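K.L.:
Please read through the structure below; I'll follow up with questions.
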Amino acid sequence: MKISMKTNKVKRGLVVWYSQTGNTQRIGKLIAATWKKAGIKADSGDYRDLGKINPADYDVIVAGSPVYYYEVPKNFREWINGISSIEGTPVASFVTFGGEGGNQHNTGYSILEMLSRKGGVPAGMGLFGSMSSYALTWSAGNGARVLKYKDQPNDNAYSNVRHYASCIIQSISEGKVYKVSSEFNLRDYLKGGIAIGPTKLMITGHGVNRDKCIGCGTCNKVCPVNAISPDKGVVDTSRCILCLGCVNNCPAQAVDMKFMGKKVYGFNEFLKRNNVVIREPKELANV
Ligand SMILES: Cc1cc2nc3c(=O)[nH]c(=O)nc-3n(C[C@H](O)[C@H](O)[C@H](O)COP(=O)(O)O)c2cc1C
């Protein structure tokens, strides 16, 4: 691993994320806003919306992801693994997650490791808790487990994000390489990688209800693996990575899915039913 940074002065940074229900996006936007306030030109966005960029053009790259099934979602791994060389570029990672456990540390580490393999030099890693948007939890009747975190992220969490954004820049100015290693946890080790397989077996009736579909194309846009044909009412379940983005984002609740025989409903509907409004950081309010 190369250990010297190509620059100690950050003029231009990239914050890139993958986000299905806004938690990771919110943190990514706050990092970018914090940098902008410090006079850094910050480009930011979901990797699916960034258009043509050259990651090597940036003085720092921060990549953020939700934890899915104990690891970095496959589609985001593929995106990172597909970028061109970023030799000597300072890099940092962050993850958002819901609740305790769930291999969050190793997920953040994994992003850093992938960026390092591209030539990036680690400058930080941040883990930020939020409400889980794993729709199977509440749909199976365990909503209380998710609601325990309904106040997250709070003002304190947002202060930590701003602090993290500043620390990355500070570390780079000092040429300080961030040192971190993976942590072994037997439970996470056993669950990681296999969790999605058995879960998929418990899903039935995954498709688009054409009577309810309003033809807005949201499911197509959010599906990271192009598995949905709303006009035919069909989801290619062999391609599906069970990110639940379609169920969580359909504004008409037209995506059908059953988990252990129970109808799965999305994050926005769950928030509405429980009168939960996620608090925005002041920089992003009314944006
Ligand atoms: C498909 C799926 C799998 C998840 N798996 C985990 C997990 O293994 N560990 C964890 O801590 N949180 C897990 N979560 C919770 C998400 O990490 C959390 O909701 C995240 O903040 C969502 O980010 P987003 O709103 O940017 O999409 C999962 C959520 C989804 C939708």
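Just so we're on the same page: first chain in the structure tokens is A, next is B, and so on; residues restart at 1 for each chain, and ligands are numbered from 1 in the order they show up.
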Excluding Tyr109 of chain A and any residue of its chain fewer than 5 positions from it, enumerate the residues within 9 Å of it, using only C-alpha atoms, and give them as a ChimeraX atom specification.

P.N.:
/A:93-94,104,114,125,180-182

K.L.:
Just want the residues within 7 Å of ligand 1, written as a PyMOL selection string, counting only C-alpha atoms and all ligand atoms.

P.N.:
chain A and resi 18-25+65-71+96-104+129-135+242-244

K.L.:
Within 6 Å of segment 82-87 of chain A, counting only C-alpha atoms, which residues show up once you throw out same-chain ones fewer than 2 positions away? Write them as JSON, numbers by chain, please.

P.N.:
{"A": [56, 79, 80, 89, 118, 119, 120]}

K.L.:
Would you list, as a PyMOL selection string, the residues of segment 213-258 of chain A that end up in strand (DSSP E or B) under DSSP run on this structure's backbone?

P.N.:
chain A and resi 228-229+234-235+255-258

K.L.:
Excluding Met260 of chain A and any residue of its chain fewer than 6 positions from it, enumerate the residues within 10 Å of it, using only C-alpha atoms, and give them as a list in words.

P.N.:
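The residues that qualify are Leu136, Ser139, Ala140, Thr199, Leu201, Met202, Ile203 and Thr204 of chain A.
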
K.L.:
Calculated over only C-alpha atoms, which of the candidates A:Lys36, A:Arg77, A:Arg210, A:Arg48 has the smallest distance to Ser166 of chain A?

P.N.:
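Selected residue with least distance to Ser166 of chain A: A:Lys36.
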
K.L.:
Tell me which of A:Gly124, A:Ser110, A:Val208, A:Gly217 sits closest to Lys232 of chain A, counting only C-alpha atoms.

P.N.:
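Looking only at the distances to Lys232 of chain A, the closest residue turns out to be A:Val208.
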
K.L.:
What's the separation between atom CA of Asn226 of chain A and atom CA of Lys262 of chain A, in Å to one decimal place?

P.N.:
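Atom CA of Lys262 of chain A lies at a distance of 25.0 Å from atom CA of Asn226 of chain A.
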